[in-house]
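K.L.:
What follows is upload.txt; its format and atoms are compact mmCIF, C-alpha atoms.
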```txt
# COMPACT_ATOMS: atom_id res chain seq x y z
CA MET A 29 87.62 189.61 53.88
CA TYR A 30 88.36 188.26 57.37
CA SER A 31 89.86 190.49 60.02
CA ARG A 32 93.34 189.73 61.36
CA PRO A 33 92.09 188.30 64.72
CA ILE A 34 89.79 185.87 62.87
CA LEU A 35 92.57 184.83 60.50
CA LYS A 36 94.87 184.29 63.45
CA THR A 37 92.26 182.13 65.18
CA ILE A 38 91.72 180.06 62.04
CA GLY A 39 95.47 179.61 61.63
CA VAL A 40 95.94 178.44 65.21
CA THR A 41 93.03 176.01 64.84
CA PHE A 42 94.49 174.45 61.70
CA LEU A 43 97.92 174.24 63.39
CA VAL A 44 96.46 172.35 66.37
CA ILE A 45 94.54 169.98 64.07
CA PHE A 46 97.72 169.36 62.05
CA ILE A 47 99.75 168.59 65.18
CA LEU A 48 97.07 166.24 66.55
CA MET A 49 96.80 164.42 63.22
CA GLY A 50 100.58 164.07 63.14
CA CYS A 51 100.63 162.64 66.66
CA LYS A 52 97.84 160.22 65.74
CA ASP A 53 99.72 159.06 62.66
CA GLN A 54 102.87 158.68 64.74
CA GLN A 55 100.97 156.55 67.25
CA LYS A 56 99.77 154.35 64.39
CA THR A 57 103.22 153.85 62.94
CA ALA A 58 105.33 153.66 66.13
CA PRO A 59 106.52 150.08 66.62
CA LYS A 60 105.25 148.36 69.74
CA LYS A 61 107.89 147.25 72.19
CA ASP A 62 108.23 143.47 72.27
CA ILE A 63 107.41 142.35 75.80
CA SER A 64 110.12 139.67 75.56
CA GLN A 65 112.73 142.41 75.20
CA ALA A 66 111.77 144.29 78.36
CA VAL A 67 114.23 143.65 81.20
CA PRO A 68 112.24 142.16 84.10
CA GLU A 69 112.23 144.14 87.33
CA LEU A 70 111.55 143.11 90.90
CA SER A 71 109.35 146.09 91.70
CA PHE A 72 107.33 146.61 94.87
CA ASN A 73 104.20 145.41 93.09
CA GLU A 74 105.95 142.34 91.72
CA ALA A 75 107.34 141.56 95.16
CA ASN A 76 103.82 141.62 96.62
CA ARG A 77 102.63 139.40 93.79
CA LEU A 78 105.37 136.85 94.41
CA ALA A 79 104.89 136.94 98.18
CA ARG A 80 101.33 135.69 97.72
CA LEU A 81 102.53 132.30 96.49
CA PRO A 82 104.41 131.03 99.56
CA LEU A 83 102.02 132.85 101.90
CA GLU A 84 99.13 130.83 100.50
CA CYS A 85 100.84 127.47 100.97
CA LEU A 86 103.36 127.81 103.82
CA GLN A 87 100.88 126.47 106.38
CA THR A 88 98.75 124.44 103.96
CA GLU A 89 99.29 120.80 104.92
CA TYR A 90 97.44 119.07 102.07
CA PRO A 91 97.89 118.03 99.33
CA ASN A 92 101.31 116.75 100.35
CA LYS A 93 104.05 114.58 98.89
CA LEU A 94 106.14 113.17 101.74
CA ASN A 95 108.68 111.28 99.60
CA GLN A 96 109.26 109.04 102.60
CA SER A 97 111.04 105.74 103.15
CA LEU A 98 109.41 103.77 105.96
CA GLN A 99 111.45 101.53 108.24
CA ASP A 100 108.44 100.61 110.36
CA SER A 101 105.03 101.89 111.40
CA THR A 102 106.52 104.39 113.87
CA HIS A 103 107.67 106.45 110.87
CA LEU A 104 104.08 107.07 109.83
CA GLY A 105 102.63 110.45 110.60
CA ALA A 106 100.85 113.50 109.24
CA PRO A 107 103.04 116.01 107.36
CA GLN A 108 102.98 118.59 110.16
CA GLU A 109 103.83 115.93 112.73
CA LEU A 110 106.83 114.72 110.72
CA HIS A 111 107.95 118.16 109.54
CA PRO A 112 106.71 120.77 112.00
CA ALA A 113 108.65 123.61 110.34
CA PHE A 114 108.45 122.71 106.65
CA TYR A 115 105.20 120.80 106.18
CA GLY A 116 103.41 123.13 103.73
CA CYS A 117 103.69 123.91 100.01
CA PHE A 118 103.15 120.28 98.90
CA ASP A 119 106.68 119.00 99.67
CA TRP A 120 109.53 119.68 102.06
CA HIS A 121 111.94 121.41 99.72
CA SER A 122 109.26 123.70 98.31
CA SER A 123 108.36 124.73 101.84
CA VAL A 124 112.00 125.49 102.59
CA HIS A 125 112.50 127.70 99.56
CA GLY A 126 109.10 129.26 100.16
CA HIS A 127 110.48 130.46 103.51
CA TRP A 128 113.59 131.68 101.69
CA SER A 129 111.40 133.66 99.29
CA LEU A 130 109.62 135.49 102.07
CA VAL A 131 112.87 136.32 103.85
CA SER A 132 114.42 137.59 100.61
CA LEU A 133 111.37 139.70 99.77
CA LEU A 134 111.11 141.17 103.26
CA LYS A 135 114.79 142.00 103.27
CA GLN A 136 114.43 143.91 100.00
CA PHE A 137 110.96 145.40 100.67
CA PRO A 138 110.38 145.80 104.44
CA SER A 139 107.03 147.51 103.82
CA LEU A 140 105.42 144.67 101.86
CA ASN A 141 101.65 144.74 102.07
CA GLN A 142 101.58 141.62 104.25
CA ALA A 143 104.87 142.19 106.06
CA ALA A 144 103.36 141.62 109.50
CA THR A 145 101.72 138.36 108.40
CA ILE A 146 104.97 137.16 106.86
CA ARG A 147 106.93 137.88 110.01
CA ASN A 148 104.36 136.05 112.14
CA LYS A 149 104.43 132.96 109.92
CA LEU A 150 108.24 132.87 109.96
CA VAL A 151 108.21 133.04 113.76
CA GLU A 152 105.59 130.30 113.99
CA ASN A 153 107.33 127.92 111.59
CA ILE A 154 111.05 128.41 112.25
CA SER A 155 110.85 128.00 116.00
CA LYS A 156 113.41 126.22 118.15
CA GLU A 157 110.95 123.41 118.86
CA ASN A 158 109.99 122.94 115.22
CA ILE A 159 113.60 122.70 114.07
CA GLU A 160 114.20 120.12 116.78
CA GLY A 161 111.33 118.18 115.21
CA GLU A 162 112.98 118.46 111.78
CA MET A 163 116.22 117.17 113.27
CA ALA A 164 114.39 114.21 114.77
CA TYR A 165 113.19 113.27 111.29
CA PHE A 166 116.70 113.37 109.79
CA ASN A 167 117.95 111.26 112.70
CA MET A 168 115.39 108.52 112.07
CA GLU A 169 116.82 105.31 110.67
CA GLY A 170 116.91 105.46 106.87
CA ASN A 171 116.54 109.24 106.55
CA LYS A 172 120.21 110.19 106.28
CA SER A 173 119.90 110.88 102.55
CA TYR A 174 116.55 112.66 102.78
CA GLU A 175 116.36 115.58 100.30
CA ARG A 176 119.96 115.04 99.17
CA THR A 177 121.07 117.46 97.74
CA TYR A 178 118.23 119.67 96.51
CA GLY A 179 116.54 120.26 99.86
CA TRP A 180 119.96 120.50 101.50
CA ALA A 181 120.89 123.29 99.11
CA TRP A 182 117.76 125.31 99.91
CA ILE A 183 118.34 125.01 103.66
CA LEU A 184 121.76 126.58 103.16
CA LYS A 185 120.28 129.28 100.92
CA LEU A 186 117.72 130.06 103.63
CA ALA A 187 120.47 130.16 106.27
CA GLU A 188 122.56 132.47 104.08
CA GLU A 189 119.60 134.81 103.54
CA LEU A 190 118.91 135.00 107.26
CA HIS A 191 122.56 135.64 108.05
CA THR A 192 122.75 138.57 105.63
CA TRP A 193 119.43 140.14 106.77
CA ASN A 194 120.03 142.98 109.21
CA ASP A 195 116.95 142.49 111.32
CA PRO A 196 116.48 141.26 114.92
CA LEU A 197 113.99 138.68 113.66
CA ALA A 198 116.65 137.24 111.37
CA ARG A 199 119.01 136.69 114.32
CA ASP A 200 116.37 134.71 116.20
CA LEU A 201 115.43 132.62 113.17
CA GLU A 202 119.07 131.98 112.27
CA ILE A 203 119.77 130.69 115.78
CA ASN A 204 116.70 128.46 115.67
CA LEU A 205 117.66 127.04 112.27
CA GLN A 206 121.34 126.54 113.20
CA PRO A 207 121.16 122.86 114.28
CA LEU A 208 119.65 121.89 110.92
CA THR A 209 122.09 124.14 109.04
CA ASP A 210 125.04 122.51 110.81
CA TYR A 211 123.64 119.07 110.05
CA ILE A 212 123.37 119.85 106.33
CA VAL A 213 126.90 121.28 106.14
CA ALA A 214 128.28 118.14 107.82
CA ALA A 215 126.20 115.97 105.50
CA TYR A 216 127.69 117.68 102.44
CA VAL A 217 131.25 117.26 103.72
CA ASP A 218 130.60 113.59 104.50
CA PHE A 219 128.79 112.80 101.24
CA LEU A 220 130.86 114.52 98.56
CA PRO A 221 134.01 112.33 98.82
CA LYS A 222 131.79 109.27 98.43
CA LEU A 223 130.15 110.51 95.24
CA ASN A 224 132.30 109.08 92.47
CA TYR A 225 130.33 110.62 89.62
CA PRO A 226 128.26 113.80 89.36
CA ILE A 227 124.53 113.52 88.79
CA ARG A 228 123.74 115.30 85.51
CA VAL A 229 119.96 115.44 85.39
CA GLY A 230 117.50 118.29 85.03
CA GLU A 231 115.73 117.72 88.34
CA HIS A 232 116.30 117.70 92.09
CA SER A 233 119.40 115.54 92.39
CA ASN A 234 121.52 117.62 89.98
CA THR A 235 124.93 117.84 91.64
CA ALA A 236 125.99 121.16 90.13
CA PHE A 237 122.89 122.96 91.39
CA GLY A 238 123.33 121.64 94.92
CA LEU A 239 127.02 122.56 94.99
CA SER A 240 126.33 126.01 93.60
CA MET A 241 123.94 126.87 96.43
CA ALA A 242 126.25 125.30 99.00
CA TRP A 243 129.17 127.33 97.66
CA ASP A 244 127.26 130.59 98.12
CA TYR A 245 126.65 129.69 101.75
CA ALA A 246 130.25 128.62 102.34
CA VAL A 247 131.58 131.91 100.92
CA VAL A 248 129.28 134.09 103.00
CA MET A 249 129.96 132.10 106.18
CA GLU A 250 133.69 131.73 105.40
CA ASP A 251 133.40 127.99 105.92
CA ASP A 252 136.72 126.75 104.54
CA THR A 253 135.93 123.08 105.19
CA LEU A 254 132.82 123.18 103.02
CA LYS A 255 134.55 125.36 100.42
CA ASN A 256 137.44 122.93 100.09
CA ALA A 257 135.08 119.96 99.78
CA ILE A 258 133.30 121.72 96.91
CA ILE A 259 136.53 122.82 95.17
CA VAL A 260 137.86 119.25 95.23
CA SER A 261 134.54 117.93 93.94
CA VAL A 262 134.38 120.42 91.07
CA ALA A 263 137.89 119.43 90.00
CA ARG A 264 136.96 115.74 90.06
CA PHE A 265 133.60 116.10 88.39
CA TYR A 266 133.88 118.90 85.86
CA GLU A 267 137.43 120.06 85.15
CA SER A 268 137.86 117.93 82.02
CA ASP A 269 134.33 118.29 80.66
CA ASN A 270 133.89 119.54 77.11
CA GLY A 271 131.21 119.75 74.44
CA CYS A 272 128.15 119.69 76.66
CA PRO A 273 125.17 118.70 74.45
CA ILE A 274 122.92 121.65 75.21
CA THR A 275 120.95 120.94 72.01
CA TRP A 276 119.64 117.84 73.78
CA GLU A 277 117.97 120.07 76.37
CA PRO A 278 115.42 120.28 77.70
CA SER A 279 114.14 116.86 78.59
CA GLY A 280 110.38 116.54 78.99
CA PHE A 281 110.07 117.90 82.51
CA ASP A 282 113.43 119.49 83.38
CA PHE A 283 113.47 122.44 85.73
CA LEU A 284 117.27 122.71 85.65
CA SER A 285 119.64 122.81 82.69
CA PRO A 286 122.43 120.25 83.23
CA CYS A 287 124.81 122.21 80.98
CA LEU A 288 124.10 125.68 82.33
CA GLU A 289 123.97 124.67 85.99
CA GLU A 290 127.42 123.15 85.62
CA ALA A 291 128.73 126.29 83.94
CA ASN A 292 127.17 128.46 86.63
CA LEU A 293 128.90 126.45 89.35
CA VAL A 294 132.30 126.37 87.68
CA ARG A 295 132.29 130.15 87.12
CA LYS A 296 131.94 130.63 90.89
CA ILE A 297 134.93 128.42 91.65
CA TYR A 298 137.29 129.55 88.90
CA GLY A 299 138.62 133.03 88.25
CA PRO A 300 137.28 134.76 85.10
CA GLU A 301 140.24 133.86 82.86
CA LYS A 302 140.31 130.20 83.84
CA PHE A 303 136.54 130.00 83.56
CA LYS A 304 136.64 131.56 80.08
CA GLN A 305 139.09 128.92 78.88
CA TRP A 306 137.00 126.15 80.41
CA LEU A 307 133.72 127.52 78.99
CA ASP A 308 135.22 127.77 75.51
CA LYS A 309 135.63 123.99 75.55
CA PHE A 310 132.46 123.17 77.47
CA LEU A 311 129.95 125.37 75.63
CA PRO A 312 131.87 127.04 72.78
CA GLN A 313 128.65 128.19 71.06
CA LEU A 314 127.83 130.57 73.89
CA LYS A 315 130.48 133.09 72.81
CA ASN A 316 128.74 133.59 69.45
CA VAL A 317 126.69 136.80 69.66
CA GLN A 318 124.12 135.11 67.38
CA PHE A 319 123.63 132.24 69.83
CA THR A 320 119.96 131.52 70.52
CA LEU A 321 118.16 129.34 73.03
CA GLU A 322 114.39 128.95 72.90
CA PRO A 323 112.53 129.02 76.24
CA GLY A 324 111.03 125.76 77.38
CA ARG A 325 107.42 125.58 76.18
CA VAL A 326 104.76 124.49 78.66
CA SER A 327 101.80 122.64 77.16
CA ASP A 328 99.77 122.07 80.34
CA ARG A 329 100.35 124.05 83.53
CA LYS A 330 97.95 121.82 85.44
CA ASP A 331 100.38 118.92 85.01
CA GLY A 332 102.83 118.93 87.91
CA LYS A 333 105.66 117.57 85.79
CA LEU A 334 105.12 119.50 82.56
CA VAL A 335 104.99 122.81 84.44
CA HIS A 336 108.60 122.13 85.47
CA LEU A 337 109.59 123.83 82.23
CA ASP A 338 108.55 127.20 83.65
CA GLY A 339 111.11 126.54 86.36
CA LEU A 340 113.66 125.65 83.71
CA ASN A 341 113.19 129.07 82.13
CA PHE A 342 113.90 130.81 85.43
CA SER A 343 116.91 128.64 86.29
CA ARG A 344 118.38 129.03 82.80
CA ALA A 345 118.00 132.78 83.23
CA TRP A 346 119.92 132.96 86.50
CA CYS A 347 122.71 130.86 85.01
CA LEU A 348 122.95 133.03 81.88
CA TYR A 349 122.95 136.24 83.91
CA GLY A 350 125.70 134.77 86.08
CA ILE A 351 127.89 133.84 83.12
CA ALA A 352 127.49 137.32 81.63
CA GLU A 353 128.31 138.86 85.01
CA THR A 354 131.58 136.93 85.22
CA LEU A 355 132.48 137.39 81.53
CA PRO A 356 131.26 140.81 80.24
CA GLU A 357 132.03 139.79 76.66
CA TYR A 358 129.14 137.32 76.98
CA ALA A 359 126.67 140.16 77.60
CA HIS A 360 124.50 138.95 74.71
CA LEU A 361 123.35 136.11 76.96
CA LYS A 362 121.43 138.59 79.10
CA GLN A 363 118.80 139.07 76.41
CA ILE A 364 118.27 135.31 76.19
CA ALA A 365 117.87 135.24 79.97
CA THR A 366 115.34 138.07 79.80
CA GLU A 367 113.29 136.26 77.16
CA HIS A 368 113.20 133.15 79.34
CA ILE A 369 111.92 135.05 82.38
CA ASN A 370 109.35 136.99 80.38
CA TYR A 371 107.94 133.81 78.86
CA SER A 372 107.08 132.26 82.22
CA LEU A 373 106.70 135.15 84.70
CA PRO A 374 103.13 136.15 83.73
CA ASN A 375 101.89 132.59 84.18
CA ILE A 376 102.99 131.61 87.67
CA VAL A 377 100.17 133.22 89.67
CA ASP A 378 97.10 131.18 88.78
CA ASP A 379 94.93 128.41 90.24
CA ASN A 380 97.32 125.58 89.37
CA TYR A 381 98.80 124.51 92.70
CA SER A 382 101.14 122.15 90.86
CA GLY A 383 103.11 125.23 89.83
CA THR A 384 102.20 127.94 92.32
CA HIS A 385 103.54 126.02 95.33
CA TRP A 386 107.14 126.41 94.10
CA LEU A 387 107.58 128.58 91.01
CA GLY A 388 107.57 131.88 92.90
CA SER A 389 110.94 131.02 94.46
CA PHE A 390 112.48 130.27 91.08
CA ALA A 391 111.07 133.47 89.62
CA LEU A 392 112.40 135.50 92.55
CA TYR A 393 115.87 133.96 92.35
CA ALA A 394 116.01 134.78 88.63
CA LEU A 395 114.78 138.34 89.18
CA ASN A 396 117.40 138.84 91.90
CA LYS A 397 120.05 137.87 89.35
CA ALA A 398 118.54 140.13 86.68
CA LYS A 399 119.38 143.14 88.83
```
Mind turning this structure into structure tokens?

P.N.:
Amino acid sequence: MYSRPILKTIGVTFLVIFILMGCKDQQKTAPKKDISQAVPELSFNEANRLARLPLECLQTEYPNKLNQSLQDSTHLGAPQELHPAFYGCFDWHSSVHGHWSLVSLLKQFPSLNQAATIRNKLVENISKENIEGEMAYFNMEGNKSYERTYGWAWILKLAEELHTWNDPLARDLEINLQPLTDYIVAAYVDFLPKLNYPIRVGEHSNTAFGLSMAWDYAVVMEDDTLKNAIIVSVARFYESDNGCPITWEPSGFDFLSPCLEEANLVRKIYGPEKFKQWLDKFLPQLKNVQFTLEPGRVSDRKDGKLVHLDGLNFSRAWCLYGIAETLPEYAHLKQIATEHINYSLPNIVDDNYSGTHWLGSFALYALNKAK
């Protein structure tokens, strides 16, 4: 017979083996968490990852798409000559929102790994002299409508971000940018009464997107003139809309949802109750807790147009988060937004410049809304 100490040792050994086997079995049977269900987070590591994208292109002049109308040979010039502040990142508007991305990231994470480099690049690009050069371009004959209204909107978003950043650098940059900011505000106020019909496309000229960004700026800056111009325009363009055909979306290379961008704008202008009544006519299916919306599927991320659909997923997400923020009973839309972000977020940092030069800004804007 075994002594009591030996029996005790054997018993403890079997107990440990039993527990370990149980844990192993539990590991085998525990369901894995679906990555699409995980709420995306703008962590310090993610912020550094996103900062890489604009940093790598902010002062990269080529390749470049100038999107230029020439009146004569004097309008010809290299990108940096024509746009001394915003010449990088393939095109003007992408450069502008690349600068916005870096300001937003620095404001949230002052100790970013490349914080000093970011600050230096912002100082170099958004200088008084460079903004004067940008103004000279807008004042050239034929350039009055340049970047209307997509690039306009991002200038105001950049100005808003600088204004709300409590940092001495932000004050200097805001002052330098001010002439261009003032020009864009005046351009909006002048243009909107002339626009008889809203532009309902899934790309740059979408009216609702441009007005949504401009509204954010007007609210922060307490610019009643711009606010009133937008309020009047929303009433003219969208007040009577109903039955938006969201099942038709997306088109082949949308990066904005015409239906959701409009809803996101209207929610900002209306109070919650009025917006709820309007939304029930405009997109009645959204109130159904079983409502689904599949993320846009990208077939070729090397194709500059097809990769737009990654941007669509981010912009849909910020619209859906916004609707759920205004109307808590639409909270089920948050999960759809999360799925859209999680589909595209892992794929935006690669070697495909057609996407990397701009998608980081869209991802960041969506992640800011996810919070």

K.L.:
Mind dumping a table of every stretch 305-365 of chain A residue within 12 Å of stretch 370-394 of chain A, with the nearest atom pair and its distance in Å to one decimal, using only C-alpha atoms, sorted by chain and rising number, as a tab-separated table?

P.N.:
```
residue	atom	partner	partner_atom	distance
A:Glu322	CA	A:Tyr371	CA	10.0
A:Pro323	CA	A:Tyr371	CA	7.1
A:Gly324	CA	A:Tyr371	CA	8.7
A:Arg325	CA	A:Tyr371	CA	8.7
A:Val326	CA	A:Ser372	CA	8.9
A:Asp328	CA	A:Asn380	CA	10.0
A:Arg329	CA	A:Asn380	CA	6.8
A:Lys330	CA	A:Asn380	CA	5.5
A:Asp331	CA	A:Ser382	CA	6.7
A:Gly332	CA	A:Ser382	CA	4.7
A:Lys333	CA	A:Ser382	CA	8.2
A:Leu334	CA	A:Gly383	CA	9.5
A:Val335	CA	A:Gly383	CA	6.2
A:His336	CA	A:Gly383	CA	7.7
A:Leu337	CA	A:Ser372	CA	8.8
A:Asp338	CA	A:Ser372	CA	5.5
A:Gly339	CA	A:Phe390	CA	6.2
A:Leu340	CA	A:Phe390	CA	8.8
A:Asn341	CA	A:Ser372	CA	6.9
A:Phe342	CA	A:Ala394	CA	5.5
A:Ser343	CA	A:Ala394	CA	6.6
A:Arg344	CA	A:Ala394	CA	8.5
A:Ala345	CA	A:Ala394	CA	6.1
A:Trp346	CA	A:Ala394	CA	4.8
A:Cys347	CA	A:Ala394	CA	8.6
A:Leu348	CA	A:Ala394	CA	9.8
A:Tyr349	CA	A:Ala394	CA	8.5
A:Gly350	CA	A:Ala394	CA	10.0
A:Lys362	CA	A:Ala394	CA	11.6
A:Gln363	CA	A:Asn370	CA	10.5
A:Ile364	CA	A:Asn370	CA	10.0
A:Ala365	CA	A:Asn370	CA	8.7
```

K.L.:
When you draw a straight line from atom CA of A:Asn234 to atom CA of A:Ile297, how long is it in Å?

P.N.:
17.3 Å

K.L.:
From the options A:Asn148, A:Gln108, A:Gln318, A:Thr209, which residue's atoms come nearest to A:Tyr90, counting all atoms listed in the file?

P.N.:
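Residue with the minimum atom-to-atom distance to A:Tyr90: A:Gln108.
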
K.L.:
Atom CA of A:Lys185 and atom CA of A:Met249, how far apart in Å?

P.N.:
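Distance reported for this atom pair: 11.4 Å.
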
K.L.:
In the coordinates of the file, take the point (107.5, 125.7, 110.0) and a cut-off of 6 Å; then, counting all atoms listed in the file, name each qualifying protein, DNA or RNA residue as a PyMOL selection string.

P.N.:
chain A and resi 112-114+153-154

K.L.:
Provide the atom CA of A:Leu186 to atom CA of A:Trp128 distance in Å, to one decimal place.

P.N.:
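Rounded to one decimal, the two atoms are 4.8 Å apart.
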
K.L.:
Between A:Gly299, A:Pro356, A:Gly280, A:Gly179, which has the minimum distance to A:Lys315 (counting all atoms listed in the file)?

P.N.:
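Selected residue with least distance to A:Lys315: A:Pro356.
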
K.L.:
Determine, counting all atoms listed in the file, which protein, DNA and RNA residues have an atom within 9 Å of an atom of A:Ala257; residues of the same chain fewer than 5 positions away are not included. Present the result as a PyMOL selection string.

P.N.:
chain A and resi 216-217+220-221+252+262

K.L.:
Hey, what's within 12 Å of A:Phe265 if we count all atoms listed in the file and toss same-chain stuff fewer than 5 positions away? As number ranges by chain, please?

P.N.:
A: 220-221, 223-228, 235-236, 239, 258-260, 270, 290, 293-294

K.L.:
Just the residues within 9 Å of A:Arg295, please, counting all atoms listed in the file, with nothing from its chain fewer than 3 positions along; format it as a VMD selection string.

P.N.:
chain A and resid 290 to 292 298 to 300 302 to 304 307 350 to 351 354

K.L.:
Please work out which residues fall within 7 Å of (104.7, 123.7, 103.8), coordinates as given in the file, with all atoms listed in the file counting, and return them as a list in words.

P.N.:
Cys85, Leu86, Gln87, Thr88, Glu89, Phe114, Tyr115, Gly116, Cys117, Phe118, Asp119, Trp120 and Ser123 of chain A

K.L.:
Do you know which residues are at most 12 Å from A:Glu152 counting all atoms listed in the file, after dropping those on the same chain fewer than 3 positions away, and could you put them as a list in words?

P.N.:
Leu86, Gln87, Pro112, Ala113, Phe114, His127, Thr145, Ile146, Arg147, Asn148, Lys149, Ser155, Lys156, Glu157, Asn158, Ile159, Leu197, Asp200, Leu201 and Asn204 of chain A

K.L.:
Given the choices A:Ile203, A:Leu190, A:Ala215, A:Ala75, which gets closest to A:Ser139 if the distance is worked out from all atoms listed in the file?

P.N.:
A:Ala75

K.L.:
Would you list the contacts of A:Tyr245 as an NGL selection string, taking every protein, DNA or RNA residue within 12 Å and counting all atoms listed in the file, but skipping same-chain residues closer than 4 positions in sequence?

P.N.:
:A and (180-192 or 209-210 or 212-213 or 238-241 or 249-255 or 258)

K.L.:
Find the residue from A:Pro82, A:Pro91, A:Pro138, A:Gly170 that sits nearest to A:Ser122; use all atoms listed in the file when measuring.

P.N.:
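Closest to A:Ser122 of all the choices is A:Pro82.
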
K.L.:
Would you compute an axis-aligned box for stretch 283-295 of chain A, covering every atom listed for it in the file with 5 Å of margin on each side, and report centre and edge lengths in Å to one decimal as JSON?

P.N.:
```
{"center_x": 122.9, "center_y": 125.2, "center_z": 85.2, "size_x": 28.8, "size_y": 19.9, "size_z": 18.4}
```

K.L.:
Determine the nearest neighbour of A:Lys135 from the options A:Val151, A:Ala198, A:Leu104, A:Ala359, counting all atoms listed in the file.

P.N.:
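Using all atoms listed in the file, the shortest distance to A:Lys135 belongs to A:Ala198.
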